[in-house]
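Below is one structure, written out as structure tokens; the observations come after it.
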Amino acid sequence: MSVVPAEALSGARRTQHGHPAAPEGPAPLAPRTRLRPALAAVYRAQLSRARVARIPLLFVATFQSVGIMVLMRGVVDGGGEARAVVAGSSVLVVAFVALNLLAQYFGRLRADGGLDHYATLPVPPAAVVLGAAAAYASFTVPGTLATAVVGCALFQLPLTHLWILAAVVPLAGAALAGLGAALGLLAPRPELATLLGQLGMSAALLLGVLPADRLPVAVQYARDLLPSTYGVEAFARTFGPDPDWAAVAVDLGVCAAVGVVSLAAATWAYRRAAVR
């Protein structure tokens with residue numbers, strides 16, 4: 001009676017040359033990258049892409065906002081209305097890039113199968129959404145600052161507290177970018193994503209630039225639902241001789257909360273679109 005080797009009992013397999021045979025079944029996948037390194041990688045890639053492809057569009061967004069302020073200069077003399085026009089026109093640059101262009105980007109990415117590429121990478125879905133949103137929001141900083149400086153010169157507003165844009169741009173940008181990404185990912189066709197992005201930017205234009213007290217009451221309630229409204233209000237308050245910093249902090253807090261909700265909705269929409 002022959003004795004069975006221990007290697008055979010353990011299930012080890014060898015080729016005829018004595019080398020171990022390849023293990024059966026699929027090879028294990030690489031571990032998923034942690035959120036922070038993945039977010040940094042997506043952010044750098046998107047920012048580099050945006051610098052090349054979006055500079056003309058950023059110029060258009062800035063020129064559009066400056067043109068609106070020039071037109072409003074003939075209607076608005078000063079005071080609270082001038083502050084609203086300058087603040088709304090500055091944040092409009094963020095809406096044009098972070099909401100409108102990001103909705104188009106994710107709508108096209110979904111239609112062209114680009115989501116399949118991201119789905120094969122060991123990158124958390126939140127990193128893709130947050131990285132793209134942060135890159136598009138960061139890209140608006142020069143245009144927003146230029147618009148604010150020109151607006152202050154047109155309406156004789158102080159430049160003292162323009163540093164508040166360091167908080168307004170990322171918070172309003174996060175809220176608008178999350179909304180834009182969600183619209184682009186949920187739209188069944190890229191044409192519809194473009195339409196929704198344009199409508200969102202038009203809402204930011206009409207409800208953010210025009211002084212609130214000149215709007216009908218029903219429209220004022222609609223204005224409160226727009227994510228960028230609270231960034232506009234926070235920025236406009238800083239133009240006063242004695243800004244109410246508590247109210248500014250409340251507006252920025254609401255903007256941050258809306259940004260968290262909109263980015264979470266965009267992450268959910270990404271997961272939903274990636275598995276289809």
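Letters A, B, ... mark the chains of the structure tokens in the order given; residue numbers begin at 1 per chain; ligand numbers begin at 1, in order shown.
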Any idea what's packed within 9 Å of Leu162 of chain A, counting only C-alpha atoms, ignoring anything in its chain fewer than 2 positions away? Could you give it as a list in words?
->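 Contacts, with the query itself left out: Leu145, Ala148, Val149, Pro158, Leu159, Thr160, Ile164, Leu165, Ala166, Phe235, Thr238 and Phe239 of chain A.
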Take the residues just selected and output them with C-alpha atoms as a tab-separated table (two decimals), in the first residue's frame.
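As a result, again-v1.tsv now contains:
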chain	number	residue	atom	x	y	z
A	145	LEU	CA	-11.49	87.99	-6.63
A	148	ALA	CA	-15.12	91.63	-6.35
A	149	VAL	CA	-12.33	94.17	-6.84
A	158	PRO	CA	-14.44	99.14	0.80
A	159	LEU	CA	-11.87	96.46	0.03
A	160	THR	CA	-11.10	95.91	3.71
A	164	ILE	CA	-13.89	86.74	3.62
A	165	LEU	CA	-13.78	85.30	0.11
A	166	ALA	CA	-11.33	82.73	1.49
A	235	PHE	CA	-20.15	88.46	1.63
A	238	THR	CA	-18.95	92.57	5.22
A	239	PHE	CA	-19.30	95.73	3.13
Near segment 64-76 of chain A, within 7 Å and counting only C-alpha atoms, which residues show up once chain neighbours fewer than 2 positions away are dropped, as a ChimeraX atom specification?
-> /A:60-62,78,81-82,85-86,89-90,92-93,147,151
Output C-alpha atoms for every residue in the selection just made, as a tab-separated table (two decimals), in the first residue's frame.
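Wrote it out as selection_35.tsv, contents follow:
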chain	number	residue	atom	x	y	z
A	60	VAL	CA	-16.23	84.33	-19.98
A	61	ALA	CA	-17.66	83.84	-16.47
A	62	THR	CA	-15.66	86.79	-15.11
A	78	GLY	CA	-25.29	102.44	-3.53
A	81	GLU	CA	-28.48	97.17	-3.11
A	82	ALA	CA	-24.95	97.84	-4.33
A	85	VAL	CA	-25.06	93.29	-6.64
A	86	VAL	CA	-21.32	93.03	-6.01
A	89	SER	CA	-21.95	88.91	-9.15
A	90	SER	CA	-18.82	87.61	-7.43
A	92	LEU	CA	-21.99	84.03	-9.83
A	93	VAL	CA	-18.50	83.18	-11.10
A	147	THR	CA	-14.98	90.51	-9.99
A	151	GLY	CA	-17.33	95.75	-8.25
Quick one: pull the distance between atom CA of Cys152 of chain A and atom CA of Val97 of chain A, Å, one decimal.
->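 Atom CA of Cys152 of chain A sits 22.1 Å away from atom CA of Val97 of chain A.
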Using only C-alpha atoms, which protein or nucleic acid residues come within 7 Å of segment 102-112 of chain A? Drop anything in the same chain fewer than 5 positions from it, and give the result as a PDB file with all heavy atoms, in the first residue's frame.
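So selection02.pdb came out as:
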ATOM      1  N   VAL A  97     -18.915  78.099 -12.902  1.00  0.00           N
ATOM      2  CA  VAL A  97     -17.916  77.033 -13.035  1.00  0.00           C
ATOM      3  C   VAL A  97     -18.300  75.804 -12.223  1.00  0.00           C
ATOM      4  O   VAL A  97     -18.361  74.686 -12.738  1.00  0.00           O
ATOM      5  CB  VAL A  97     -16.523  77.550 -12.617  1.00  0.00           C
ATOM      6  CG1 VAL A  97     -15.492  76.423 -12.664  1.00  0.00           C
ATOM      7  CG2 VAL A  97     -16.094  78.704 -13.515  1.00  0.00           C
ATOM      8  N   ALA A 177     -20.991  72.976  -6.308  1.00  0.00           N
ATOM      9  CA  ALA A 177     -20.365  71.868  -7.024  1.00  0.00           C
ATOM     10  C   ALA A 177     -21.066  70.553  -6.717  1.00  0.00           C
ATOM     11  O   ALA A 177     -21.244  69.709  -7.610  1.00  0.00           O
ATOM     12  CB  ALA A 177     -18.882  71.782  -6.651  1.00  0.00           C
ATOM     13  N   GLY A 180     -24.196  70.636  -8.746  1.00  0.00           N
ATOM     14  CA  GLY A 180     -23.906  70.424 -10.157  1.00  0.00           C
ATOM     15  C   GLY A 180     -23.540  68.982 -10.469  1.00  0.00           C
ATOM     16  O   GLY A 180     -23.985  68.421 -11.471  1.00  0.00           O
ATOM     17  N   ALA A 181     -22.726  68.364  -9.606  1.00  0.00           N
ATOM     18  CA  ALA A 181     -22.350  66.969  -9.821  1.00  0.00           C
ATOM     19  C   ALA A 181     -23.565  66.055  -9.739  1.00  0.00           C
ATOM     20  O   ALA A 181     -23.725  65.120 -10.540  1.00  0.00           O
ATOM     21  CB  ALA A 181     -21.301  66.552  -8.798  1.00  0.00           C
ATOM     22  N   LEU A 183     -26.704  66.841 -10.372  1.00  0.00           N
ATOM     23  CA  LEU A 183     -27.525  67.043 -11.572  1.00  0.00           C
ATOM     24  C   LEU A 183     -26.928  66.309 -12.767  1.00  0.00           C
ATOM     25  O   LEU A 183     -27.646  65.676 -13.544  1.00  0.00           O
ATOM     26  CB  LEU A 183     -27.646  68.539 -11.873  1.00  0.00           C
ATOM     27  CG  LEU A 183     -28.448  69.382 -10.872  1.00  0.00           C
ATOM     28  CD1 LEU A 183     -28.391  70.854 -11.259  1.00  0.00           C
ATOM     29  CD2 LEU A 183     -29.882  68.897 -10.788  1.00  0.00           C
ATOM     30  N   GLY A 184     -25.605  66.410 -12.934  1.00  0.00           N
ATOM     31  CA  GLY A 184     -24.973  65.737 -14.057  1.00  0.00           C
ATOM     32  C   GLY A 184     -25.045  64.225 -13.976  1.00  0.00           C
ATOM     33  O   GLY A 184     -25.204  63.540 -14.993  1.00  0.00           O
ATOM     34  N   LEU A 185     -24.935  63.678 -12.766  1.00  0.00           N
ATOM     35  CA  LEU A 185     -24.945  62.218 -12.601  1.00  0.00           C
ATOM     36  C   LEU A 185     -26.348  61.635 -12.670  1.00  0.00           C
ATOM     37  O   LEU A 185     -26.525  60.473 -13.050  1.00  0.00           O
ATOM     38  CB  LEU A 185     -24.298  61.855 -11.265  1.00  0.00           C
ATOM     39  CG  LEU A 185     -22.785  62.087 -11.183  1.00  0.00           C
ATOM     40  CD1 LEU A 185     -22.320  62.028  -9.737  1.00  0.00           C
ATOM     41  CD2 LEU A 185     -22.033  61.064 -12.038  1.00  0.00           C
ATOM     42  N   ALA A 187     -28.902  63.037 -14.447  1.00  0.00           N
ATOM     43  CA  ALA A 187     -29.531  63.299 -15.742  1.00  0.00           C
ATOM     44  C   ALA A 187     -29.351  62.095 -16.666  1.00  0.00           C
ATOM     45  O   ALA A 187     -28.243  61.574 -16.794  1.00  0.00           O
ATOM     46  CB  ALA A 187     -28.921  64.546 -16.375  1.00  0.00           C
ATOM     47  N   ARG A 189     -29.402  61.974 -19.899  1.00  0.00           N
ATOM     48  CA  ARG A 189     -28.667  62.321 -21.119  1.00  0.00           C
ATOM     49  C   ARG A 189     -27.793  63.530 -20.858  1.00  0.00           C
ATOM     50  O   ARG A 189     -28.146  64.397 -20.044  1.00  0.00           O
ATOM     51  CB  ARG A 189     -29.625  62.621 -22.282  1.00  0.00           C
ATOM     52  CG  ARG A 189     -30.501  61.456 -22.678  1.00  0.00           C
ATOM     53  CD  ARG A 189     -31.169  61.712 -24.035  1.00  0.00           C
ATOM     54  NE  ARG A 189     -31.887  62.976 -24.040  1.00  0.00           N
ATOM     55  CZ  ARG A 189     -33.140  63.126 -23.639  1.00  0.00           C
ATOM     56  NH1 ARG A 189     -33.814  62.074 -23.176  1.00  0.00           N
ATOM     57  NH2 ARG A 189     -33.740  64.308 -23.703  1.00  0.00           N
ATOM     58  N   PRO A 190     -26.650  63.635 -21.541  1.00  0.00           N
ATOM     59  CA  PRO A 190     -25.771  64.792 -21.314  1.00  0.00           C
ATOM     60  C   PRO A 190     -26.431  66.114 -21.702  1.00  0.00           C
ATOM     61  O   PRO A 190     -26.117  67.152 -21.125  1.00  0.00           O
ATOM     62  CB  PRO A 190     -24.542  64.490 -22.178  1.00  0.00           C
ATOM     63  CG  PRO A 190     -24.997  63.475 -23.175  1.00  0.00           C
ATOM     64  CD  PRO A 190     -26.049  62.674 -22.491  1.00  0.00           C
ATOM     65  N   ALA A 193     -28.291  67.221 -18.751  1.00  0.00           N
ATOM     66  CA  ALA A 193     -27.370  67.711 -17.724  1.00  0.00           C
ATOM     67  C   ALA A 193     -26.929  69.133 -18.040  1.00  0.00           C
ATOM     68  O   ALA A 193     -26.838  69.989 -17.136  1.00  0.00           O
ATOM     69  CB  ALA A 193     -26.155  66.787 -17.629  1.00  0.00           C
ATOM     70  N   THR A 194     -26.654  69.423 -19.312  1.00  0.00           N
ATOM     71  CA  THR A 194     -26.294  70.786 -19.709  1.00  0.00           C
ATOM     72  C   THR A 194     -27.436  71.753 -19.442  1.00  0.00           C
ATOM     73  O   THR A 194     -27.223  72.869 -18.935  1.00  0.00           O
ATOM     74  CB  THR A 194     -25.922  70.813 -21.198  1.00  0.00           C
ATOM     75  OG1 THR A 194     -24.810  69.933 -21.421  1.00  0.00           O
ATOM     76  CG2 THR A 194     -25.538  72.214 -21.644  1.00  0.00           C
ATOM     77  N   GLY A 197     -27.729  72.392 -15.700  1.00  0.00           N
ATOM     78  CA  GLY A 197     -26.654  73.266 -15.253  1.00  0.00           C
ATOM     79  C   GLY A 197     -26.900  74.716 -15.640  1.00  0.00           C
ATOM     80  O   GLY A 197     -26.655  75.634 -14.847  1.00  0.00           O
TER      81      GLY A 197
END
DSSP-assigned helix (DSSP H, G or I) among segment 182-217 of chain A, expressed as a VMD selection string | chain A and resid 182 to 186 190 to 209 212 to 214 217
Contacts of segment 45-47 of chain A within 10 Å, only C-alpha atoms, excl. fewer than 6 positions in-chain, as a PyMOL selection string = chain A and resi 39+53-54+128+131-139
Skip Leu171 of chain A itself and residues of its chain fewer than 2 positions away, then list as a list of chain:residue names all residues within 7 Å of it, counting only C-alpha atoms.
->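 Selected residues are A:Ala167, A:Val168, A:Val169, A:Gly173, A:Ala174, A:Ala175, A:Cys255, A:Ala256, A:Gly259.
A straight line drawn from atom CA of Asp224 of chain A to atom CA of Leu176 of chain A is 14.0 Å long.
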Near-Ala269 of chain A list (7 Å; only C-alpha atoms; drop same-chain fewer than 4 positions) as a ChimeraX atom specification | /A:182,185-186,265,273
Dump as a tab-separated table (two decimals), in the first residue's frame, selection limited to all heavy atoms:
chain	number	residue	atom	x	y	z
A	182	ALA	N	-24.44	66.30	-8.77
A	182	ALA	CA	-25.65	65.49	-8.64
A	182	ALA	C	-26.54	65.63	-9.87
A	182	ALA	O	-27.09	64.63	-10.37
A	182	ALA	CB	-26.41	65.88	-7.37
A	185	LEU	N	-24.93	63.68	-12.77
A	185	LEU	CA	-24.95	62.22	-12.60
A	185	LEU	C	-26.35	61.64	-12.67
A	185	LEU	O	-26.52	60.47	-13.05
A	185	LEU	CB	-24.30	61.85	-11.27
A	185	LEU	CG	-22.79	62.09	-11.18
A	185	LEU	CD1	-22.32	62.03	-9.74
A	185	LEU	CD2	-22.03	61.06	-12.04
A	186	LEU	N	-27.34	62.41	-12.29
A	186	LEU	CA	-28.72	61.91	-12.30
A	186	LEU	C	-29.41	62.12	-13.64
A	186	LEU	O	-30.42	61.47	-13.91
A	186	LEU	CB	-29.53	62.58	-11.19
A	186	LEU	CG	-29.10	62.25	-9.76
A	186	LEU	CD1	-29.92	63.06	-8.76
A	186	LEU	CD2	-29.25	60.75	-9.48
A	265	ALA	N	-25.22	63.98	-1.48
A	265	ALA	CA	-26.16	63.61	-2.54
A	265	ALA	C	-25.41	63.29	-3.83
A	265	ALA	O	-25.76	62.36	-4.56
A	265	ALA	CB	-27.16	64.73	-2.77
A	273	ALA	N	-24.96	55.86	-10.42
A	273	ALA	CA	-24.65	55.87	-11.84
A	273	ALA	C	-23.55	54.88	-12.19
A	273	ALA	O	-23.54	54.32	-13.29
A	273	ALA	CB	-24.25	57.29	-12.26
To one decimal place, how far is atom CA of Thr229 of chain A from atom CA of Trp268 of chain A in Å?
->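 Atom CA of Trp268 of chain A lies at a distance of 24.1 Å from atom CA of Thr229 of chain A.
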Find, counting only C-alpha atoms, the residue in A:Val123, A:Leu57, A:Val150, A:Ala264 that gets nearest to Asn100 of chain A.
-> A:Leu57
